[in-house]
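*Asks:* Below is the file my_file_0.cif, which contains mmCIF, C-alpha atoms.
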data_final
loop_
_atom_site.label_atom_id
_atom_site.label_comp_id
_atom_site.auth_asym_id
_atom_site.auth_seq_id
_atom_site.Cartn_x
_atom_site.Cartn_y
_atom_site.Cartn_z
CA MET A 1338 -22.45 -3.75 58.97
CA PHE A 1339 -21.44 -1.51 56.07
CA ILE A 1340 -19.40 0.80 58.37
CA ALA A 1341 -17.63 -2.20 59.92
CA GLU A 1342 -16.78 -3.56 56.47
CA THR A 1343 -15.51 -0.17 55.32
CA ALA A 1344 -13.36 0.14 58.43
CA THR A 1345 -11.93 -3.35 57.91
CA LEU A 1346 -11.21 -2.59 54.26
CA SER A 1347 -9.54 0.69 55.16
CA PHE A 1348 -7.43 -1.09 57.82
CA MET A 1349 -6.45 -3.78 55.31
CA ARG A 1350 -5.59 -1.12 52.74
CA LYS A 1351 -3.36 0.65 55.29
CA GLU A 1352 -1.68 -2.64 56.16
CA GLN A 1353 -1.20 -3.40 52.48
CA THR A 1354 0.35 0.04 51.92
CA GLU A 1355 2.71 -0.35 54.88
CA LEU A 1356 3.72 -3.86 53.85
CA PHE A 1357 4.25 -2.72 50.28
CA GLU A 1358 6.42 0.22 51.33
CA SER A 1359 8.59 -1.94 53.56
CA THR A 1360 8.82 -4.57 50.81
CA ILE A 1361 9.98 -1.99 48.28
CA VAL A 1362 12.56 -0.60 50.71
CA THR A 1363 13.90 -4.08 51.45
CA TYR A 1364 13.83 -5.53 47.95
CA ARG A 1365 14.26 -2.57 45.62
CA GLN A 1366 17.81 -3.51 44.65
CA SER A 1367 16.92 -7.18 44.17
CA LEU A 1368 13.94 -6.21 42.01
CA ALA A 1369 16.12 -3.90 39.93
CA ARG A 1370 18.60 -6.74 39.39
CA ILE A 1371 15.76 -9.04 38.33
CA VAL A 1372 14.55 -6.39 35.85
CA ALA A 1373 18.06 -6.00 34.43
CA THR A 1374 18.37 -9.79 34.14
CA TYR A 1375 15.23 -10.18 32.07
CA GLU A 1376 15.10 -6.97 30.06
CA MET A 1377 17.89 -4.90 28.49
CA ARG A 1378 15.92 -2.22 26.66
CA PRO A 1379 15.47 0.95 28.80
CA ASP A 1380 11.85 1.72 27.91
CA LEU A 1381 10.82 -1.89 28.45
CA GLN A 1382 12.82 -2.06 31.67
CA GLN A 1383 10.73 0.74 33.09
CA GLU A 1384 7.59 -1.04 31.91
CA LEU A 1385 8.66 -4.35 33.45
CA HIS A 1386 9.65 -2.64 36.70
CA GLN A 1387 6.19 -1.08 36.99
CA GLU A 1388 4.49 -4.35 36.06
CA ILE A 1389 6.42 -6.13 38.81
CA LEU A 1390 5.57 -3.47 41.41
CA LEU A 1391 1.92 -3.60 40.42
CA ALA A 1392 1.88 -7.40 40.59
CA ILE A 1393 3.43 -7.28 44.08
CA TRP A 1394 0.90 -4.65 45.18
CA LYS A 1395 -1.96 -6.81 43.93
CA ALA A 1396 -0.55 -10.08 45.26
CA LEU A 1397 0.35 -8.83 48.77
CA PRO A 1398 -3.18 -9.22 50.23
CA GLY A 1399 -2.95 -12.91 49.24
CA PHE A 1400 0.32 -13.40 51.13
CA ARG A 1401 -0.47 -15.76 54.00
CA GLY A 1402 3.03 -16.21 55.36
CA GLU A 1403 3.22 -19.88 54.34
CA SER A 1404 6.59 -19.09 52.81
CA GLY A 1405 9.00 -16.24 53.55
CA LEU A 1406 8.16 -12.79 52.21
CA HIS A 1407 11.33 -12.83 50.10
CA THR A 1408 10.28 -16.12 48.44
CA PHE A 1409 6.86 -14.62 47.75
CA VAL A 1410 8.31 -11.39 46.30
CA TYR A 1411 10.77 -13.27 44.06
CA ARG A 1412 7.98 -15.58 42.90
CA VAL A 1413 5.76 -12.68 41.88
CA ALA A 1414 8.65 -10.79 40.27
CA HIS A 1415 9.93 -13.74 38.23
CA ASN A 1416 6.46 -14.78 37.09
CA GLN A 1417 5.75 -11.24 35.99
CA ALA A 1418 9.08 -11.11 34.16
CA MET A 1419 8.22 -14.36 32.35
CA ASN A 1420 4.84 -12.97 31.45
CA HIS A 1421 6.64 -9.91 30.07
CA LEU A 1422 8.98 -12.08 27.99
CA SER A 1423 6.18 -14.22 26.60
CA ARG A 1424 4.18 -11.15 25.55
CA ASP A 1425 7.15 -9.44 23.94
CA SER A 1426 7.21 -10.03 20.22
CA LYS A 1427 10.33 -7.99 19.55
CA ILE A 1428 13.66 -9.75 19.57
CA PRO A 1429 16.46 -7.71 21.12
CA PRO A 1430 19.41 -7.06 18.80
CA HIS A 1431 22.47 -9.20 19.28
CA GLU A 1432 25.12 -7.40 21.28
CA SER A 1433 28.62 -8.24 22.31
CA LEU A 1434 29.29 -8.64 26.03
CA ASP A 1435 31.75 -5.76 25.82
CA ASP A 1436 29.21 -3.21 24.59
CA PRO A 1437 28.05 -0.90 27.35
CA LEU A 1438 24.84 -2.14 28.99
CA GLU A 1439 22.12 -0.05 27.38
CA SER A 1440 19.71 -0.58 30.24
CA THR A 1441 21.69 1.12 32.91
CA THR A 1442 22.29 4.28 30.92
CA GLY A 1443 18.80 4.92 29.56
CA CYS A 1444 16.33 3.64 32.15
CA PRO A 1445 15.17 6.32 34.56
CA LEU A 1446 14.75 3.69 37.26
CA LEU A 1447 18.21 2.23 37.11
CA LEU A 1448 21.56 3.83 37.77
CA ALA A 1449 24.46 3.40 35.39
CA MET A 1450 26.23 0.19 36.26
CA ASN A 1451 29.63 1.30 37.45
CA SER A 1452 31.23 -2.11 37.47
CA GLN A 1453 32.31 -3.36 34.06
CA LYS A 1454 32.43 -6.86 35.50
CA MET A 1455 28.78 -6.73 36.57
CA SER A 1456 27.78 -5.25 33.23
CA ILE A 1457 29.41 -8.22 31.46
CA MET A 1458 27.75 -10.58 33.93
CA PHE A 1459 24.25 -9.19 33.20
CA LYS A 1460 24.86 -9.47 29.47
CA ALA A 1461 26.07 -13.04 29.85
CA MET A 1462 22.93 -13.87 31.86
CA HIS A 1463 20.82 -12.68 28.92
CA LYS A 1464 22.40 -15.37 26.77
CA LEU A 1465 21.10 -18.15 29.03
CA PRO A 1466 17.70 -19.85 28.59
CA VAL A 1467 14.99 -18.22 30.72
CA ILE A 1468 14.66 -21.02 33.28
CA GLN A 1469 18.42 -21.23 33.83
CA ARG A 1470 18.50 -17.47 34.18
CA GLN A 1471 15.73 -17.62 36.78
CA ILE A 1472 17.42 -20.30 38.89
CA LEU A 1473 20.80 -18.60 38.66
CA THR A 1474 19.36 -15.22 39.67
CA LEU A 1475 17.56 -16.73 42.65
CA ALA A 1476 20.73 -18.52 43.77
CA LEU A 1477 22.76 -15.33 43.39
CA GLU A 1478 20.19 -13.51 45.52
CA GLY A 1479 21.02 -16.03 48.24
CA LEU A 1480 17.98 -18.33 48.16
CA SER A 1481 18.46 -21.92 49.30
CA TYR A 1482 17.64 -24.91 47.04
CA GLN A 1483 14.41 -25.40 48.97
CA GLU A 1484 13.39 -21.76 48.49
CA ILE A 1485 14.25 -21.88 44.79
CA ALA A 1486 12.09 -25.01 44.56
CA GLN A 1487 9.21 -23.12 46.22
CA VAL A 1488 9.54 -20.29 43.70
CA THR A 1489 9.82 -22.48 40.60
CA GLY A 1490 7.69 -25.50 41.50
CA LEU A 1491 10.66 -27.87 40.89
CA ASN A 1492 11.97 -30.36 43.44
CA ASP A 1493 15.15 -29.68 45.45
CA ASN A 1494 17.29 -32.22 43.56
CA ASN A 1495 16.24 -30.87 40.20
CA VAL A 1496 17.13 -27.36 41.38
CA GLY A 1497 20.63 -28.59 42.27
CA VAL A 1498 21.14 -30.20 38.86
CA ARG A 1499 19.82 -27.20 36.99
CA LEU A 1500 21.82 -24.72 39.04
CA ASN A 1501 25.06 -26.56 38.32
CA ARG A 1502 24.26 -26.58 34.62
CA ALA A 1503 23.42 -22.89 34.70
CA LYS A 1504 26.68 -22.07 36.49
CA LYS A 1505 28.57 -24.11 33.91
CA ALA A 1506 26.80 -22.40 31.01
CA LEU A 1507 27.49 -18.96 32.49
CA LYS A 1508 31.14 -19.84 33.02
CA GLU A 1509 31.43 -20.96 29.39
CA ILE A 1510 29.94 -17.68 28.12
CA LEU A 1511 32.24 -15.62 30.37
CA ASP A 1512 35.32 -17.68 29.40
CA GLN A 1513 34.48 -17.32 25.72
CA ASN A 1514 34.18 -13.57 26.17
CA ARG A 1515 37.51 -13.43 28.00
CA GLN A 1516 39.15 -15.39 25.21
CA GLU A 1517 37.71 -13.07 22.55
CA GLN A 1518 39.00 -10.06 24.50
CA ASP A 1519 42.48 -11.62 24.74
CA ASN A 1520 42.49 -12.29 20.99
CA VAL A 1521 41.60 -8.64 20.29
CA ARG A 1522 44.51 -7.50 22.46
CA MET B 1458 32.45 -21.54 38.70
CA SER B 1459 32.71 -25.03 40.19
CA ASP B 1460 34.99 -23.45 42.72
CA ASP B 1461 32.92 -22.58 45.81
CA ASN B 1462 35.00 -19.52 46.61
CA ASN B 1463 34.49 -18.20 43.13
CA TRP B 1464 30.74 -18.67 43.48
CA GLU B 1465 30.68 -17.03 46.92
CA SER B 1466 32.59 -14.04 45.59
CA MET B 1467 30.23 -13.76 42.61
CA MET B 1468 27.24 -13.92 44.95
CA SER B 1469 28.59 -11.20 47.17
CA GLU B 1470 29.41 -9.02 44.15
CA TRP B 1471 25.92 -9.63 42.77
CA GLN B 1472 24.16 -8.75 46.00
CA SER B 1473 26.21 -5.60 46.50
CA CYS B 1474 25.44 -4.40 42.97
CA LYS B 1475 23.13 -1.44 43.59
CA ILE B 1476 21.38 -0.24 40.48
CA ALA B 1477 17.90 0.87 41.59
CA LYS B 1478 17.19 4.52 42.09
CA VAL B 1479 13.52 4.31 43.09
CA ASP B 1480 12.43 5.24 46.57
CA SER B 1481 9.42 3.66 48.24
CA THR B 1482 7.30 6.87 48.26
CA LYS B 1483 7.78 7.31 44.51
CA ALA B 1484 7.06 3.61 43.99
CA LEU B 1485 3.84 3.87 45.97
CA GLU B 1486 2.74 6.90 43.95
CA ASP B 1487 3.51 5.00 40.74
CA ILE B 1488 1.54 2.01 41.98
CA LYS B 1489 -1.50 4.06 42.92
CA TYR B 1490 -1.44 5.60 39.46
CA LEU B 1491 -1.05 2.17 37.83
CA GLU B 1492 -3.76 0.69 39.99
CA THR B 1493 -6.18 3.43 38.96
CA LYS B 1494 -5.25 2.80 35.34
CA THR B 1495 -5.78 -0.95 35.75
CA ARG B 1496 -9.11 -0.39 37.50
CA ARG B 1497 -10.21 1.87 34.63
CA LYS B 1498 -9.20 -0.84 32.17
CA ALA B 1499 -11.15 -3.45 34.16
CA THR B 1500 -14.17 -1.11 34.24
CA SER B 1501 -14.01 -0.60 30.48
CA MET B 1502 -13.76 -4.40 30.01
CA LYS B 1503 -16.87 -4.79 32.20
CA PHE B 1504 -18.54 -2.03 30.22
CA PHE B 1505 -17.87 -3.91 26.97
CA MET B 1506 -19.10 -7.16 28.47
CA TRP B 1507 -22.35 -5.52 29.60
CA GLY B 1508 -22.53 -3.83 26.19
CA ASP B 1509 -22.48 -7.31 24.63
CA ILE B 1510 -25.23 -8.53 26.96
CA ILE B 1511 -27.44 -5.46 26.53
CA GLY B 1512 -26.91 -5.51 22.74
CA ALA B 1513 -27.90 -9.18 22.59
CA VAL B 1514 -31.00 -8.55 24.74
CA ILE B 1515 -32.09 -5.54 22.63
CA ILE B 1516 -31.68 -7.44 19.36
CA THR B 1517 -33.56 -10.41 20.83
CA LEU B 1518 -36.45 -8.15 21.88
CA VAL B 1519 -36.52 -6.39 18.50
CA PHE B 1520 -36.50 -9.76 16.74
CA ILE B 1521 -39.40 -11.03 18.91
CA TYR B 1522 -41.30 -7.80 18.21
CA TYR B 1523 -40.85 -8.20 14.44
CA LEU B 1524 -41.66 -11.89 14.63
CA LEU B 1525 -44.92 -11.39 16.53
CA PHE B 1526 -46.23 -8.01 15.44
CA LYS B 1527 -44.76 -7.18 12.03
CA ASP B 1528 -45.96 -9.95 9.78
CA SER B 1529 -45.21 -8.09 6.58
CA ASP B 1530 -41.54 -7.19 7.19
CA LEU B 1531 -39.73 -10.36 6.19
CA PHE B 1532 -36.45 -8.51 5.54
CA ALA B 1533 -36.20 -7.19 9.13
CA LYS B 1534 -37.01 -10.66 10.50
CA VAL B 1535 -34.22 -12.23 8.47
CA LEU B 1536 -31.77 -9.46 9.39
CA PHE B 1537 -32.45 -9.53 13.14
CA GLY B 1538 -32.79 -13.32 13.27
CA GLY B 1539 -29.46 -13.75 11.47
CA SER B 1540 -27.73 -11.20 13.68
CA LEU B 1541 -29.07 -12.94 16.75
CA PHE B 1542 -27.77 -16.25 15.50
CA ILE B 1543 -24.28 -14.70 15.44
CA ILE B 1544 -24.46 -12.37 18.43
CA LEU B 1545 -25.75 -14.85 21.04
CA PRO B 1546 -22.88 -17.36 20.84
CA MET B 1547 -20.44 -14.45 20.57
CA SER B 1548 -21.76 -12.85 23.77
CA PHE B 1549 -21.53 -16.18 25.57
CA LEU B 1550 -17.92 -16.65 24.43
CA SER B 1551 -16.93 -13.14 25.41
CA ILE B 1552 -18.42 -13.47 28.92
CA TRP B 1553 -16.80 -16.86 29.37
CA TYR B 1554 -13.40 -15.47 28.37
CA ARG B 1555 -13.58 -12.29 30.44
CA LYS B 1556 -14.69 -14.19 33.51
CA GLY B 1557 -11.33 -15.90 33.34
CA ALA B 1558 -9.49 -12.71 34.39
CA TRP B 1559 -6.90 -13.73 36.92
CA SER B 1560 -4.08 -12.54 39.02
CA ALA B 1561 -1.98 -15.54 39.88
CA THR B 1562 1.54 -14.18 40.09
CA GLY B 1563 1.80 -15.57 43.66
CA ASN B 1564 1.81 -19.15 42.31
CA ASP B 1565 5.03 -21.03 41.70
CA THR B 1566 6.48 -20.64 38.20
CA ASN B 1567 5.24 -24.02 37.00
CA ALA B 1568 1.62 -23.38 38.06
CA TYR B 1569 1.83 -19.83 36.78
CA LEU B 1570 3.07 -20.87 33.33
CA GLU B 1571 0.40 -23.59 33.07
CA LEU B 1572 -2.28 -21.04 33.87
CA ALA B 1573 -0.81 -18.50 31.47
CA LEU B 1574 -0.79 -21.17 28.76
CA LYS B 1575 -4.47 -22.00 29.38
CA ARG B 1576 -5.27 -18.32 29.19
CA SER B 1577 -3.40 -17.96 25.89
CA ILE B 1578 -5.29 -20.93 24.45
CA SER B 1579 -8.63 -19.35 25.54
CA ALA B 1580 -7.58 -16.05 23.96
CA ILE B 1581 -6.70 -17.83 20.70
CA LYS B 1582 -10.11 -19.56 20.70
CA LEU B 1583 -11.85 -16.24 21.30
CA ALA B 1584 -9.83 -14.55 18.53
CA LYS B 1585 -10.69 -17.38 16.11
CA ALA B 1586 -14.38 -17.20 17.05
CA THR B 1587 -14.37 -13.41 16.62
CA ALA B 1588 -12.71 -13.64 13.21
CA LEU B 1589 -15.19 -16.29 12.07
CA THR B 1590 -18.11 -14.30 13.43
CA ALA B 1591 -16.88 -11.15 11.69
CA LEU B 1592 -16.56 -13.04 8.42
CA LEU B 1593 -20.00 -14.71 8.65
CA ALA B 1594 -21.78 -11.67 10.04
CA GLY B 1595 -20.09 -9.41 7.48
CA ILE B 1596 -21.09 -11.63 4.56
CA PHE B 1597 -24.61 -12.07 5.92
CA ILE B 1598 -25.36 -8.42 6.69
CA VAL B 1599 -23.73 -7.03 3.54
CA SER B 1600 -25.60 -9.62 1.41
CA ALA B 1601 -28.86 -8.69 3.13
CA LEU B 1602 -28.23 -5.01 2.46
CA LEU B 1603 -27.31 -5.72 -1.17
CA PHE B 1604 -30.50 -7.74 -1.54
CA LYS B 1605 -32.57 -4.93 -0.07
CA THR B 1606 -30.79 -2.44 -2.37
CA SER B 1607 -31.64 -4.54 -5.43
CA MET B 1608 -35.29 -4.62 -4.34
CA GLU B 1609 -35.52 -0.85 -4.08
CA PHE B 1610 -33.10 -0.07 -6.86
CA HIS B 1611 -35.40 2.19 -8.87
CA GLU B 1612 -36.44 4.34 -5.93
CA LEU B 1613 -32.92 5.15 -4.78
CA GLN B 1614 -31.13 8.44 -5.28
CA TRP B 1615 -27.67 7.41 -6.47
CA PRO B 1616 -24.89 7.60 -5.48
CA TRP B 1617 -25.54 8.97 -1.98
CA ASN B 1618 -28.15 7.04 -0.06
CA ARG B 1619 -28.53 5.00 3.09
CA PHE B 1620 -27.65 1.70 1.41
CA VAL B 1621 -24.31 2.92 0.07
CA PHE B 1622 -23.52 4.21 3.54
CA GLY B 1623 -24.78 1.01 5.21
CA ILE B 1624 -22.84 -1.33 2.92
CA SER B 1625 -19.61 0.68 3.18
CA PHE B 1626 -19.93 1.01 6.94
CA GLU B 1627 -20.65 -2.68 7.54
CA THR B 1628 -17.87 -3.78 5.17
CA LEU B 1629 -15.35 -1.55 6.92
CA LEU B 1630 -16.56 -2.60 10.38
CA PHE B 1631 -16.40 -6.35 9.79
CA THR B 1632 -13.15 -6.19 7.82
CA SER B 1633 -11.52 -4.29 10.72
CA LEU B 1634 -12.93 -6.76 13.22
CA PHE B 1635 -11.68 -9.70 11.13
CA LEU B 1636 -8.18 -8.28 10.59
CA GLY B 1637 -7.93 -7.16 14.24
CA SER B 1638 -8.87 -10.63 15.46
CA LYS B 1639 -6.37 -12.26 13.12
CA TRP B 1640 -3.61 -9.94 14.37
CA TYR B 1641 -4.54 -10.70 18.00
CA GLU B 1642 -4.61 -14.44 17.26
CA LYS B 1643 -1.14 -14.26 15.75
CA ARG B 1644 0.18 -12.39 18.79
CA LYS B 1645 -1.37 -14.90 21.16
CA LEU B 1646 0.03 -17.81 19.11
CA THR B 1647 3.54 -16.40 19.54
CA GLU B 1648 2.88 -15.97 23.26
CA LYS B 1649 1.60 -19.57 23.48
CA MET B 1650 4.70 -20.90 21.73
CA LYS B 1651 6.98 -19.01 24.12
CA LEU B 1652 5.04 -20.22 27.17
CA GLU B 1653 5.10 -23.81 25.89
CA SER B 1654 8.84 -23.59 25.37
CA MET B 1655 9.40 -22.21 28.91
CA LEU B 1656 7.11 -24.85 30.40
CA LYS B 1657 8.84 -27.60 28.43
CA ASP B 1658 12.20 -26.31 29.63
CA LEU B 1659 10.96 -26.22 33.23
CA ASN B 1660 9.43 -29.71 33.08
CA SER B 1661 12.42 -31.37 31.42
CA ASP B 1662 14.88 -33.17 33.68
CA GLY B 1663 17.29 -30.28 33.41
CA LEU B 1664 19.90 -32.39 31.70
CA ASN B 1665 19.20 -31.37 28.12
#
Translate this file's structure into structure tokens.
*Replies:*
Amino acid sequence: MFIAETATLSFMRKEQTELFESTIVTYRQSLARIVATYEMRPDLQQELHQEILLAIWKALPGFRGESGLHTFVYRVAHNQAMNHLSRDSKIPPHESLDDPLESTTGCPLLLAMNSQKMSIMFKAMHKLPVIQRQILTLALEGLSYQEIAQVTGLNDNNVGVRLNRAKKALKEILDQNRQEQDNVR
Amino acid sequence: MSDDNNWESMMSEWQSCKIAKVDSTKALEDIKYLETKTRRKATSMKFFMWGDIIGAVIITLVFIYYLLFKDSDLFAKVLFGGSLFIILPMSFLSIWYRKGAWSATGNDTNAYLELALKRSISAIKLAKATALTALLAGIFIVSALLFKTSMEFHELQWPWNRFVFGISFETLLFTSLFLGSKWYEKRKLTEKMKLESMLKDLNSDGLN
């Protein structure tokens, strides 16, 4: 009985490891984008990245395939990121959208962001409320309304309304930044 | 952004933005290290919980022993009885709180935030109970020691003796416990406020 249980556990562990490795290979860029969306400070980015990986590792045995793996991974990652934000007592300093993105230069896990446009985009995302940021990120990752609803626990219609508002808010921030840049020139 | 083409182009730019430099082997190594660390943390939490239980049992037994077999030692009876009065509810609270350890990141955000909020509220209650216990236990034990000191005042070798040590040690211990609990409570209150705000935002109609 004990040997059978040990063998089953070892098999499950191997399966978990394989699933985890393939998940990391498939979603590593998406996870990095989620980290950069929620956290700008390099040391805390590394911390959040590890927290997310650990949460995925722990949650994978509970994945029953009721939803897609990508929905499951995003759900775990976003929840962990929210947990990180709620625990963080420090308030990040206010930065202009034109300042270089600190995260991509100092974090050992993330490469320097070579596109200025994307750097501005990440900074603009940080100015949005957390829930809008979450919905926008999920939509940008290509999730459907239904999948976003599964991740957030909202209904499909509400996701649509919120996504439109988030897009509008992001556009306003980006337009404002563009205007400020034009004024400087 | 209302323009669909604009949105499509932003999506494609977003998805092609490659910023991660971790490989899966390194990630797995990191995870195994983190998992070991987490397991150690969980073991130490269990150790503290069992420490609470064993401590409570020992003090109960010592109290019963003094109550039944040491008729003359009223001071010890009061000291152990009083400690028991504080330690028993504290042990119960600490077991109740630690049993609530959870890993629910697979839930949807709404369920996850609700659970996180409940957990914060439990942590605040535990912090408040710990602070109150530290205050009451500190006052009680230090008063008992002061009383005992006054009883044996003439026999003591001042300034270095077991009562000076006892009073200083207990004062320091309970003050640290009180201040630590207050700091933890403050941290958890901030966390609770943030969670409430996120939950409120999520449960609003999205039009505000």
*Asks:* If I take atom CA of A:Glu1384 and atom CA of A:Thr1474, how far is one from the other in Å, to one decimal?
*Replies:* 20.0 Å
*Asks:* Provide as a PyMOL selection string the residues of chain A at most 6 Å from chain B, counting all atoms listed in the file.
*Replies:* chain A and resi 1358+1361-1362+1366+1369+1391+1413+1416+1423-1424+1446-1448+1477+1488-1490+1499
*Asks:* So that I can see what lies close to stretch 1407-1410 of chain A, please list as a PyMOL selection string the residues with an atom at most 12 Å from it, counting all atoms listed in the file and leaving out residues fewer than 4 positions away in the same chain.
*Replies:* (chain A and resi 1356-1357+1359-1361+1363-1365+1367-1368+1371+1389-1403+1414-1417+1475-1476+1478-1490) or (chain B and resi 1561-1566)
*Asks:* Can you write out the residues you just picked, keeping C-alpha atoms, as a short mmCIF file (atom, residue, chain, number, x, y, z; two decimals), in the coordinates of the input?
*Replies:*
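So the final result, stored in out15.cif, reads:
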data_model
loop_
_atom_site.label_atom_id
_atom_site.label_comp_id
_atom_site.auth_asym_id
_atom_site.auth_seq_id
_atom_site.Cartn_x
_atom_site.Cartn_y
_atom_site.Cartn_z
CA LEU A 1356 3.72 -3.86 53.85
CA PHE A 1357 4.25 -2.72 50.28
CA SER A 1359 8.59 -1.94 53.56
CA THR A 1360 8.82 -4.57 50.81
CA ILE A 1361 9.98 -1.99 48.28
CA THR A 1363 13.90 -4.08 51.45
CA TYR A 1364 13.83 -5.53 47.95
CA ARG A 1365 14.26 -2.57 45.62
CA SER A 1367 16.92 -7.18 44.17
CA LEU A 1368 13.94 -6.21 42.01
CA ILE A 1371 15.76 -9.04 38.33
CA ILE A 1389 6.42 -6.13 38.81
CA LEU A 1390 5.57 -3.47 41.41
CA LEU A 1391 1.92 -3.60 40.42
CA ALA A 1392 1.88 -7.40 40.59
CA ILE A 1393 3.43 -7.28 44.08
CA TRP A 1394 0.90 -4.65 45.18
CA LYS A 1395 -1.96 -6.81 43.93
CA ALA A 1396 -0.55 -10.08 45.26
CA LEU A 1397 0.35 -8.83 48.77
CA PRO A 1398 -3.18 -9.22 50.23
CA GLY A 1399 -2.95 -12.91 49.24
CA PHE A 1400 0.32 -13.40 51.13
CA ARG A 1401 -0.47 -15.76 54.00
CA GLY A 1402 3.03 -16.21 55.36
CA GLU A 1403 3.22 -19.88 54.34
CA ALA A 1414 8.65 -10.79 40.27
CA HIS A 1415 9.93 -13.74 38.23
CA ASN A 1416 6.46 -14.78 37.09
CA GLN A 1417 5.75 -11.24 35.99
CA LEU A 1475 17.56 -16.73 42.65
CA ALA A 1476 20.73 -18.52 43.77
CA GLU A 1478 20.19 -13.51 45.52
CA GLY A 1479 21.02 -16.03 48.24
CA LEU A 1480 17.98 -18.33 48.16
CA SER A 1481 18.46 -21.92 49.30
CA TYR A 1482 17.64 -24.91 47.04
CA GLN A 1483 14.41 -25.40 48.97
CA GLU A 1484 13.39 -21.76 48.49
CA ILE A 1485 14.25 -21.88 44.79
CA ALA A 1486 12.09 -25.01 44.56
CA GLN A 1487 9.21 -23.12 46.22
CA VAL A 1488 9.54 -20.29 43.70
CA THR A 1489 9.82 -22.48 40.60
CA GLY A 1490 7.69 -25.50 41.50
CA ALA B 1561 -1.98 -15.54 39.88
CA THR B 1562 1.54 -14.18 40.09
CA GLY B 1563 1.80 -15.57 43.66
CA ASN B 1564 1.81 -19.15 42.31
CA ASP B 1565 5.03 -21.03 41.70
CA THR B 1566 6.48 -20.64 38.20
#
*Asks:* One decimal, in Å: what's the spacing between atom CA of A:Lys1464 and atom CA of A:Thr1374?
*Replies:* 10.1 Å
*Asks:* With only C-alpha atoms as the atoms that count, which of A:Leu1422, A:Tyr1375, A:Lys1508, A:Val1521 lies nearest to B:Asn1463?
*Replies:* A:Lys1508
*Asks:* Grab the atom CA of A:Glu1352 to atom CA of A:Gln1383 distance for me, in Å with one decimal place.
*Replies:*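 Going from atom CA of A:Glu1352 over to atom CA of A:Gln1383, I get 26.4 Å.
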*Asks:* Hey, what comes out of the PyMOL selection byres ((chain B and resi 1623-1635) around 9) on this file? Could you write it as a PyMOL selection string?
*Replies:* chain B and resi 1587-1592+1594-1596+1598-1600+1602-1603+1618-1622+1636-1640
*Asks:* Find the spatial neighbours of stretch 1506-1514 of chain B, counting all atoms listed in the file, within a cut-off of 7 Å - ignore same-chain residues fewer than 4 positions away - and output them as an MDAnalysis selection string.
*Replies:* chainID B and resid 1502 1518 1544:1545 1548 1552
*Asks:* For B:Val1519, please output as a PyMOL selection string all residues within 10 Å (counting all atoms listed in the file; exclusion window: fewer than 5 positions along the same chain).
*Replies:* chain B and resi 1513-1514+1524-1525+1533-1534+1537-1538
*Asks:* Emit as lines of an AutoDock Vina configuration file the padded axis-aligned box for all listed atoms of stretch 1485-1490 of chain A, 8 Å per side, with centre and edge lengths in Å to one decimal.
*Replies:*
center_x = 11.0
center_y = -22.9
center_z = 43.4
size_x = 22.6
size_y = 21.2
size_z = 21.6
